[in-house]
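Student: Just one file: my_file.txt, with compact mmCIF, C-alpha atoms.
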```txt
# COMPACT_ATOMS: atom_id res chain seq x y z
CA MET A 282 46.18 -16.80 -39.00
CA SER A 283 45.43 -19.82 -36.91
CA SER A 284 42.39 -19.80 -34.76
CA LEU A 285 42.87 -20.16 -31.07
CA ARG A 286 40.96 -22.90 -29.35
CA ARG A 287 39.26 -21.76 -26.28
CA ARG A 288 39.27 -24.23 -23.43
CA ARG A 289 36.22 -24.45 -21.34
CA PRO A 290 36.96 -23.50 -17.79
CA SER A 291 36.96 -26.61 -15.59
CA PRO A 292 34.33 -26.62 -12.93
CA ALA A 293 35.54 -25.39 -9.60
CA ALA A 294 36.43 -28.18 -7.23
CA VAL A 295 33.86 -28.64 -4.50
CA PRO A 296 35.37 -28.17 -1.03
CA PRO A 297 35.35 -31.46 0.92
CA LEU A 298 32.90 -30.21 3.53
CA GLU A 299 30.47 -29.09 0.79
CA ASP A 300 30.36 -32.51 -0.90
CA GLU A 301 27.48 -34.40 0.75
CA ASP A 302 28.87 -37.89 0.14
CA LEU A 303 32.42 -36.99 1.10
CA LEU A 304 31.25 -35.18 4.25
CA SER A 305 29.28 -38.24 5.26
CA GLU A 306 32.39 -40.42 4.85
CA ILE A 307 34.42 -37.96 6.94
CA LEU A 308 31.84 -37.87 9.73
CA LEU A 309 31.78 -41.67 9.81
CA ARG A 310 35.42 -41.51 10.87
CA LEU A 311 34.79 -39.45 13.97
CA PRO A 312 35.75 -41.27 17.18
CA PRO A 313 32.93 -43.51 18.52
CA GLN A 314 32.65 -41.48 21.72
CA PRO A 315 29.20 -40.40 22.99
CA SER A 316 29.90 -36.70 22.39
CA SER A 317 31.14 -37.02 18.78
CA LEU A 318 27.84 -36.88 16.88
CA PRO A 319 26.09 -34.38 19.21
CA ARG A 320 29.09 -32.08 18.75
CA ALA A 321 28.95 -32.41 14.97
CA SER A 322 25.20 -31.76 14.95
CA LEU A 323 25.78 -28.30 16.43
CA VAL A 324 27.87 -27.08 13.49
CA CYS A 325 24.86 -26.39 11.24
CA LYS A 326 21.46 -27.72 10.18
CA ARG A 327 23.00 -29.62 7.28
CA TRP A 328 25.39 -31.50 9.56
CA ARG A 329 22.61 -32.19 12.03
CA GLY A 330 20.52 -33.72 9.25
CA LEU A 331 23.40 -35.98 8.25
CA VAL A 332 24.33 -37.32 11.69
CA SER A 333 20.70 -37.81 12.75
CA ASP A 334 19.79 -39.80 9.63
CA PRO A 335 18.94 -43.42 10.64
CA GLY A 336 20.96 -44.79 7.74
CA PHE A 337 24.03 -42.80 8.79
CA CYS A 338 23.64 -43.93 12.40
CA ARG A 339 23.53 -47.58 11.32
CA ARG A 340 26.69 -47.10 9.24
CA PHE A 341 28.40 -45.31 12.15
CA ARG A 342 27.58 -48.14 14.53
CA ARG A 343 28.63 -50.76 11.99
CA ARG A 344 31.97 -49.05 11.35
CA HIS A 345 32.88 -48.79 15.04
CA ARG A 346 31.34 -52.02 16.24
CA ARG A 347 34.69 -53.69 16.83
CA ASN A 348 35.97 -50.87 19.05
CA PRO A 349 32.95 -49.58 21.02
CA PRO A 350 33.68 -47.43 24.06
CA LEU A 351 32.99 -48.83 27.51
CA LEU A 352 30.10 -46.55 28.48
CA GLY A 353 29.75 -48.00 31.97
CA PHE A 354 28.37 -50.85 34.04
CA PHE A 355 24.91 -51.96 35.15
CA GLN A 356 24.76 -52.78 38.86
CA VAL A 357 22.56 -55.88 38.94
CA ASP A 358 22.33 -57.02 42.58
CA ASP A 359 19.51 -54.63 43.45
CA GLY A 360 17.52 -53.50 40.44
CA LEU A 361 19.28 -52.36 37.29
CA SER A 362 21.11 -49.07 37.81
CA PHE A 363 23.74 -47.67 35.44
CA MET A 364 27.19 -46.57 36.59
CA PRO A 365 28.96 -44.44 33.92
CA SER A 366 32.69 -45.02 33.44
CA LEU A 367 33.67 -42.24 31.02
CA LYS A 368 34.63 -38.71 31.95
CA ALA A 369 33.14 -35.47 30.61
CA PRO A 370 32.16 -34.68 27.93
CA ASP A 371 31.52 -38.37 27.12
CA ARG A 372 30.02 -39.34 30.45
CA VAL A 373 26.49 -40.66 29.89
CA SER A 374 24.02 -39.72 32.59
CA PRO A 375 22.59 -42.74 34.48
CA GLU A 376 19.07 -41.48 33.74
CA ARG A 377 19.67 -42.05 30.00
CA PHE A 378 19.84 -45.79 30.58
CA SER A 379 16.91 -46.21 32.92
CA LEU A 380 14.76 -49.16 31.89
CA GLN A 381 11.04 -48.44 32.17
CA HIS A 382 9.22 -51.76 32.16
CA LYS A 383 6.16 -52.83 34.13
CA ASP A 384 7.46 -56.38 34.59
CA LEU A 385 10.60 -55.26 36.43
CA VAL A 386 8.61 -54.89 39.65
CA ASP A 387 8.59 -58.70 39.72
CA ARG A 388 11.52 -61.10 39.89
CA PHE A 389 13.96 -60.61 37.03
CA PHE A 390 17.60 -61.38 36.23
CA SER A 391 20.08 -59.41 34.17
CA LEU A 392 21.98 -61.94 32.04
CA GLY A 393 24.57 -59.56 30.59
CA CYS A 394 25.18 -57.11 27.75
CA ARG A 395 26.88 -57.42 24.39
CA HIS A 396 27.02 -55.54 21.07
CA GLY A 397 24.94 -52.68 22.49
CA LEU A 398 22.13 -54.90 23.81
CA ALA A 399 21.12 -56.00 27.30
CA LEU A 400 19.46 -59.34 28.06
CA ILE A 401 16.98 -59.69 30.94
CA TYR A 402 15.09 -62.77 32.08
CA LEU A 403 11.52 -62.07 33.25
CA ARG A 404 11.01 -65.15 35.39
CA LYS A 405 7.35 -64.67 36.25
CA ARG A 406 6.32 -64.37 32.60
CA LEU A 407 8.94 -66.86 31.32
CA GLN A 408 10.13 -64.30 28.81
CA LEU A 409 13.45 -62.88 27.70
CA LEU A 410 13.71 -59.14 27.20
CA VAL A 411 16.31 -57.82 24.75
CA TRP A 412 16.78 -54.11 25.39
CA ASP A 413 18.81 -51.53 23.49
CA PRO A 414 19.62 -48.86 26.14
CA VAL A 415 20.74 -46.36 23.48
CA THR A 416 17.59 -46.41 21.33
CA GLY A 417 15.17 -47.74 23.96
CA ASP A 418 13.98 -50.57 21.68
CA GLN A 419 12.63 -53.67 23.46
CA HIS A 420 11.98 -57.18 22.17
CA HIS A 421 10.16 -59.94 24.11
CA ILE A 422 10.88 -63.60 23.37
CA ALA A 423 9.12 -66.49 25.13
CA VAL A 424 11.31 -69.17 26.70
CA PRO A 425 11.11 -72.21 24.37
CA PRO A 426 10.29 -75.80 25.45
CA GLY A 427 13.01 -78.11 26.77
CA PHE A 428 14.19 -76.01 29.74
CA ASP A 429 13.58 -76.65 33.43
CA THR A 430 12.15 -73.29 34.52
CA GLU A 431 10.61 -74.52 37.78
CA THR A 432 13.58 -75.65 39.87
CA SER A 433 16.69 -74.56 37.90
CA PRO A 434 17.90 -71.13 36.78
CA ILE A 435 18.38 -70.42 33.10
CA SER A 436 20.94 -68.10 31.59
CA GLY A 437 21.71 -66.73 28.17
CA ALA A 438 23.67 -64.34 26.02
CA VAL A 439 22.70 -61.90 23.30
CA PHE A 440 24.97 -61.12 20.34
CA ARG A 441 24.96 -59.84 16.77
CA SER A 442 26.53 -61.33 13.66
CA ALA A 443 29.53 -59.53 12.18
CA GLY A 444 28.47 -56.35 10.36
CA ASP A 445 24.80 -56.64 11.43
CA VAL A 446 23.47 -53.81 13.58
CA GLN A 447 19.76 -54.54 13.04
CA HIS A 448 19.22 -58.18 13.96
CA PHE A 449 20.43 -60.20 16.93
CA HIS A 450 20.83 -63.76 18.14
CA LEU A 451 20.01 -65.13 21.56
CA ALA A 452 21.68 -68.22 23.05
CA LEU A 453 19.75 -69.74 25.96
CA VAL A 454 21.24 -72.37 28.29
CA GLY A 455 19.95 -74.20 31.35
CA SER A 456 19.06 -77.62 32.74
CA SER A 457 16.91 -80.12 30.89
CA GLU A 458 13.28 -80.34 31.97
CA ARG A 459 13.57 -84.14 31.67
CA GLN A 460 16.94 -84.80 33.37
CA ILE A 461 18.47 -82.53 36.00
CA THR A 462 22.04 -83.60 35.21
CA GLN A 463 21.80 -82.58 31.56
CA ALA A 464 22.57 -79.11 30.18
CA VAL A 465 20.57 -77.84 27.22
CA ALA A 466 20.90 -74.92 24.80
CA ARG A 467 18.98 -73.32 21.94
CA VAL A 468 19.67 -70.30 19.70
CA TYR A 469 17.08 -67.73 18.60
CA SER A 470 17.34 -65.47 15.54
CA SER A 471 15.47 -62.16 15.50
CA GLU A 472 15.64 -62.14 11.71
CA THR A 473 13.62 -65.37 11.38
CA GLY A 474 11.85 -65.30 14.75
CA VAL A 475 12.63 -69.02 15.16
CA TRP A 476 14.45 -71.05 17.83
CA GLY A 477 17.01 -73.62 16.67
CA ASP A 478 17.19 -77.29 17.68
CA LEU A 479 17.75 -78.36 21.29
CA ILE A 480 21.39 -79.21 22.04
CA THR A 481 22.31 -81.29 25.11
CA THR A 482 25.30 -82.53 27.12
CA PRO A 483 25.60 -84.34 30.48
CA LEU A 484 26.76 -82.38 33.53
CA GLN A 485 29.27 -84.69 35.18
CA SER A 486 29.59 -84.58 38.97
CA GLU A 487 30.52 -86.99 41.71
CA ASP A 488 27.44 -85.84 43.58
CA ALA A 489 25.13 -85.62 40.56
CA ALA A 490 22.58 -87.87 42.22
CA HIS A 491 22.19 -85.50 45.17
CA PHE A 492 23.10 -82.01 43.94
CA ARG A 493 21.71 -80.08 41.01
CA ILE A 494 24.35 -78.43 38.84
CA ALA A 495 23.08 -75.26 37.19
CA VAL A 496 24.31 -72.47 34.95
CA SER A 497 25.17 -69.37 36.96
CA THR A 498 23.03 -66.28 36.44
CA ILE A 499 25.30 -63.94 38.43
CA LYS A 500 28.33 -63.67 36.17
CA PRO A 501 27.46 -63.22 32.47
CA ALA A 502 28.81 -65.31 29.61
CA VAL A 503 32.01 -64.46 27.76
CA LEU A 504 32.14 -64.64 23.95
CA VAL A 505 35.45 -65.83 22.49
CA GLY A 506 35.51 -66.48 18.75
CA GLY A 507 32.46 -68.58 17.94
CA SER A 508 32.00 -69.95 21.48
CA LEU A 509 30.17 -68.76 24.58
CA TYR A 510 31.24 -69.68 28.12
CA TRP A 511 29.18 -69.75 31.33
CA LEU A 512 30.10 -70.63 34.90
CA LEU A 513 28.45 -73.64 36.50
CA ASP A 514 27.20 -73.64 40.08
CA GLY A 515 27.17 -76.86 42.07
CA SER A 516 29.28 -79.19 44.12
CA SER A 517 32.24 -79.15 41.72
CA GLY A 518 31.50 -76.16 39.48
CA GLY A 519 33.14 -75.86 36.09
CA ILE A 520 32.53 -73.97 32.87
CA LEU A 521 29.92 -74.68 30.21
CA GLU A 522 31.18 -74.12 26.65
CA PHE A 523 28.75 -73.65 23.77
CA ASP A 524 30.51 -73.95 20.41
CA MET A 525 27.97 -72.27 18.14
CA ASP A 526 29.80 -73.13 14.93
CA ARG A 527 29.68 -76.85 15.71
CA GLN A 528 26.43 -76.62 17.69
CA ARG A 529 28.02 -78.49 20.58
CA LEU A 530 27.98 -78.20 24.39
CA ALA A 531 30.86 -79.30 26.63
CA VAL A 532 31.86 -78.98 30.29
CA ILE A 533 35.35 -77.66 31.12
CA PRO A 534 36.88 -78.26 34.58
CA MET A 535 38.40 -75.40 36.54
CA PRO A 536 42.21 -75.11 36.61
CA VAL A 537 42.16 -74.39 40.36
CA ASN A 538 39.87 -75.91 43.00
CA ASP A 539 37.75 -74.02 45.53
CA LEU A 540 37.68 -70.68 43.71
CA ARG A 541 35.70 -68.00 45.51
CA PHE A 542 33.17 -66.29 43.29
CA PHE A 543 34.64 -62.77 43.58
CA HIS A 544 38.22 -64.01 43.13
CA PHE A 545 38.23 -64.91 39.45
CA SER A 546 36.79 -63.86 36.11
CA MET A 547 36.42 -65.45 32.68
CA ILE A 548 38.37 -63.38 30.14
CA ARG A 549 39.71 -63.36 26.61
CA ALA A 550 43.21 -64.74 26.99
CA ASP A 551 46.44 -63.16 25.76
CA GLY A 552 46.86 -63.82 22.06
CA GLY A 553 43.24 -64.95 21.69
CA GLY A 554 41.34 -67.87 23.12
CA PHE A 555 39.48 -68.42 26.37
CA GLY A 556 41.05 -67.74 29.74
CA LEU A 557 40.63 -67.06 33.43
CA LEU A 558 41.99 -64.30 35.64
CA VAL A 559 42.47 -65.72 39.15
CA LEU A 560 43.33 -63.71 42.27
CA SER A 561 45.86 -65.42 44.52
CA GLY A 562 46.90 -63.34 47.49
CA PHE A 563 48.26 -60.04 46.17
CA SER A 564 48.82 -61.48 42.69
CA ALA A 565 46.62 -62.20 39.67
CA GLN A 566 47.26 -65.28 37.54
CA PHE A 567 46.37 -65.52 33.85
CA TRP A 568 45.23 -69.01 32.83
CA LYS A 569 44.66 -69.95 29.19
CA ARG A 570 42.81 -72.85 27.61
CA ARG A 571 45.16 -74.36 25.03
CA ILE A 572 44.71 -77.19 22.51
CA ASN A 573 47.79 -79.25 21.56
CA CYS A 574 48.63 -80.88 18.22
CA ASP A 575 46.61 -83.98 19.19
CA GLY A 576 43.49 -81.92 19.81
CA VAL A 577 43.67 -82.32 23.60
CA ALA A 578 42.71 -79.21 25.58
CA SER A 579 44.31 -78.26 28.89
CA TRP A 580 44.88 -75.26 31.14
CA VAL A 581 48.22 -73.42 30.93
CA LEU A 582 49.37 -70.84 33.47
CA GLY A 583 50.62 -67.68 31.79
CA ARG A 584 51.83 -64.44 33.30
CA THR A 585 51.35 -63.32 36.88
CA ILE A 586 51.00 -59.66 37.87
CA GLU A 587 51.18 -57.85 41.22
CA ILE A 588 47.63 -56.58 41.37
CA ASP A 589 47.97 -54.41 44.48
CA LYS A 590 50.65 -52.26 42.85
CA LEU A 591 48.72 -51.84 39.61
CA LEU A 592 45.57 -50.79 41.45
CA HIS A 593 47.51 -48.44 43.74
CA CYS A 594 46.04 -50.04 46.85
CA GLU A 595 46.80 -48.66 50.28
CA PRO A 596 48.83 -51.01 52.52
CA GLU A 597 45.89 -51.59 54.86
CA SER A 598 43.69 -52.69 51.94
CA ASN A 599 45.92 -55.58 50.84
CA GLY A 600 43.90 -58.74 50.43
CA SER A 601 40.58 -56.94 49.91
CA GLN A 602 40.70 -56.86 46.10
CA LEU A 603 37.70 -58.50 44.46
CA ILE A 604 36.59 -58.90 40.84
CA LEU A 605 33.19 -57.35 40.09
CA GLY A 606 32.93 -57.57 36.30
CA PHE A 607 34.60 -57.85 32.90
CA ALA A 608 34.24 -55.90 29.63
CA GLU A 609 34.98 -58.12 26.59
CA ASP A 610 35.61 -55.65 23.79
CA ASN A 611 37.76 -53.31 25.86
CA ASN A 612 39.47 -56.16 27.76
CA VAL A 613 38.84 -54.40 31.07
CA VAL A 614 38.35 -56.00 34.48
CA LEU A 615 36.40 -54.15 37.17
CA PHE A 616 37.99 -54.61 40.60
CA TRP A 617 36.85 -53.63 44.07
CA ILE A 618 39.36 -52.10 46.45
CA ILE A 619 38.81 -50.28 49.73
CA ASP A 620 38.35 -46.95 47.85
CA GLY A 621 35.69 -48.32 45.49
CA PRO A 622 35.57 -49.77 41.93
CA VAL A 623 38.69 -49.58 39.76
CA MET A 624 39.05 -50.56 36.07
CA LEU A 625 42.18 -52.34 34.85
CA GLN A 626 42.95 -52.68 31.13
CA LEU A 627 44.58 -56.09 30.79
CA GLU A 628 46.84 -55.24 27.83
CA SER A 629 48.24 -51.87 28.90
CA LEU A 630 47.79 -52.63 32.64
CA GLN A 631 46.55 -49.06 33.09
CA SER A 632 44.09 -48.56 35.92
CA GLU A 633 41.41 -45.92 36.47
CA LYS A 634 38.98 -45.33 39.31
CA VAL A 635 35.25 -45.29 38.61
CA LEU A 636 33.83 -42.12 40.09
CA GLY A 637 30.39 -41.67 41.60
CA THR A 638 29.89 -44.94 43.48
CA LYS A 639 31.31 -47.03 46.29
CA ILE A 640 28.89 -49.93 46.05
CA MET A 641 30.38 -53.42 46.08
CA ALA A 642 28.13 -55.53 43.85
CA HIS A 643 28.06 -57.54 40.63
CA TYR A 644 28.32 -55.38 37.53
CA HIS A 645 27.57 -56.12 33.88
CA SER A 646 29.61 -54.03 31.45
CA PHE A 647 27.88 -52.02 28.73
CA GLU A 648 29.94 -51.37 25.60
CA SER A 649 28.22 -49.58 22.73
CA VAL A 650 28.46 -46.85 20.12
CA TYR A 651 26.18 -44.05 21.32
CA THR A 652 24.14 -42.72 18.38
CA THR A 653 21.06 -40.84 19.47
CA GLU A 654 19.60 -37.34 19.31
CA ARG A 655 18.73 -37.50 23.00
CA GLY A 656 22.19 -36.25 23.97
CA ILE A 657 24.18 -37.65 26.87
CA GLY A 658 22.60 -35.56 29.59
CA GLY A 659 23.81 -33.80 32.69
CA PRO A 660 25.93 -30.65 33.13
CA GLU A 661 29.03 -32.66 32.22
CA ALA A 662 27.79 -33.00 28.64
CA ASP A 663 28.98 -29.58 27.43
CA LEU A 664 29.84 -29.81 23.75
CA LEU A 665 32.74 -28.50 21.72
CA THR A 666 32.37 -25.27 19.78
CA THR A 667 32.20 -25.24 15.99
CA PRO A 668 35.90 -24.28 15.53
CA GLU A 669 36.96 -27.15 17.77
CA ILE A 670 34.94 -29.76 15.89
CA LEU A 671 36.31 -28.39 12.58
CA VAL A 672 39.85 -28.83 13.87
CA GLN A 673 38.97 -32.44 14.71
CA LEU A 674 37.60 -32.99 11.20
CA ASP A 675 40.62 -31.32 9.62
CA MET A 676 42.79 -34.05 11.19
CA LEU A 677 40.71 -36.66 9.31
CA LEU A 678 41.09 -35.07 5.88
```
Could you show the structure in this file as structure tokens?
Tutor:
Amino acid sequence: MSSLRRRRPSPAAVPPLEDEDLLSEILLRLPPQPSSLPRASLVCKRWRGLVSDPGFCRRFRRRHRRNPPLLGFFQVDDGLSFMPSLKAPDRVSPERFSLQHKDLVDRFFSLGCRHGLALIYLRKRLQLLVWDPVTGDQHHIAVPPGFDTETSPISGAVFRSAGDVQHFHLALVGSSERQITQAVARVYSSETGVWGDLITTPLQSEDAAHFRIAVSTIKPAVLVGGSLYWLLDGSSGGILEFDMDRQRLAVIPMPVNDLRFFHFSMIRADGGGFGLLVLSGFSAQFWKRRINCDGVASWVLGRTIEIDKLLHCEPESNGSQLILGFAEDNNVVLFWIIDGPVMLQLESLQSEKVLGTKIMAHYHSFESVYTTERGIGGPEADLLTTPEILVQLDMLL
């Protein structure tokens, strides 16, 4: 009689939502909307512990960094007030992004936002303030030598390296303290706490002997690839390009003369590269900076769209469209029409009104992954029930 071998019963498979590591990977794949993590935290204490862990939050922000939602715009002409752009339940209350800083009672300039950070120039103290509106973190950096801070404005841009959600870089541009017709730039690293070498280029102008050409502080820089672009104020204007890979400054002429400030915007061009969106009557022209096989750069006119039809303007409002701001990562332009601000997505050409304001001003877009236990605030922030969030997770499995 042969003996029967008894097989040990295999351990029962752990359900996906009971496996800590697997659950963490699933939650990382939730949409990067402001309500996603607060909703998940309501399921149970275990889920709340996972989504509130600082390490998880860093991974969540790193995963969705390339497609952050457009949370809203900071109105920068009078103070620094936040205008949310999302609808409930993802609409972030303006009070959540209220900067409390004693130096803001003095003269200051908002220089733009990028990668979840806002950059502010505290002119009286000659300092740059890097502020994370989501976490509230603030970093103060002194303006380095080499810049004319007495008679010329300075501008800058903050950005993070790919995959880095802890450290940041700061590019500062302005006029030379030694020669008014020379642009200068330096780059700061928060990881090392050190400014890089001073980079210079002449600012060419027919009237350079009589007029100071300066970097604009009203419209923020645009980041395209490894280069930053700023507008130049002065008798002839132009665009200042800072190629950070080559550590080189250059001045680019405008494709069209006599552009009014509210009638154009620097953008990321179709198919990549640097471009301009220019309003001309009831149309909007897309210009792209292109380099030929000989390495010579020039402006090329691309498509033209009927802007009044896309923005659903009333007949009596024709001609009143203005450009108030631009959001890089979402490729969205903020327009002003007679009814108030309207967002236009440049790829889909879908438009959407911004509710809650009718103020015509300059706006700096704020795109970021919202990861905080503070919630999003306001009665519009009602969260999904547990069954609803489980249905959402089931779609990810």
Student: To one decimal place, how far is atom CA of A:Ile640 from atom CA of A:Tyr510 in Å?
Tutor: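 Separating atom CA of A:Ile640 from atom CA of A:Tyr510 is a distance of 26.8 Å.
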Student: So how far away is atom CA of A:Trp412 from atom CA of A:Pro350, in Å?
Tutor: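 Distance reported for this atom pair: 18.2 Å.
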Student: Up to 8 Å from (15.6, -82.4, 28.5) in the file's coordinates: name the residues, counting all atoms listed in the file, as a ChimeraX atom specification.
Tutor: /A:427-429,456-460,463-465,481
Student: Go ahead and compute the interatomic distance for atom CA of A:Thr652 and atom CA of A:Gln314, in Å to one decimal.
Tutor: 9.2 Å
Student: Can you pull out every residue within 7 Å of stretch 559-572 of chain A, counting only C-alpha atoms, but drop anything in the same chain fewer than 6 positions away, and send it as an MDAnalysis selection string?
Tutor: chainID A and resid 544:546 550 578:589 599:600
Student: Pick the closest to A:Pro335 from A:Val446, A:Leu303, A:Ile520, A:Leu361: which is it, counting all atoms listed in the file?
Tutor: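 Nearest candidate to A:Pro335 out of A:Val446, A:Leu303, A:Ile520, A:Leu361: A:Val446.
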Student: Which is closer to A:Arg377 than all the others in A:Leu351, A:Pro315, A:Pro534, A:His421, using all atoms listed in the file?
Tutor: A:Pro315
Student: Which of these residues is nearest to A:Pro536, using all atoms listed in the file: A:Gly393, A:Gly518, A:Gly353, A:Gly576?
Tutor: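 Of A:Gly393, A:Gly518, A:Gly353, A:Gly576, the one nearest A:Pro536 is A:Gly518, counting all atoms listed in the file.
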Student: If we count all atoms listed in the file and set the cut-off at 9 Å, which residues sit around A:His645, ignoring sequence neighbours fewer than 4 positions away in its own chain? Please answer as a ChimeraX atom specification.
Tutor: /A:353-357,391-394,500-501,605-608
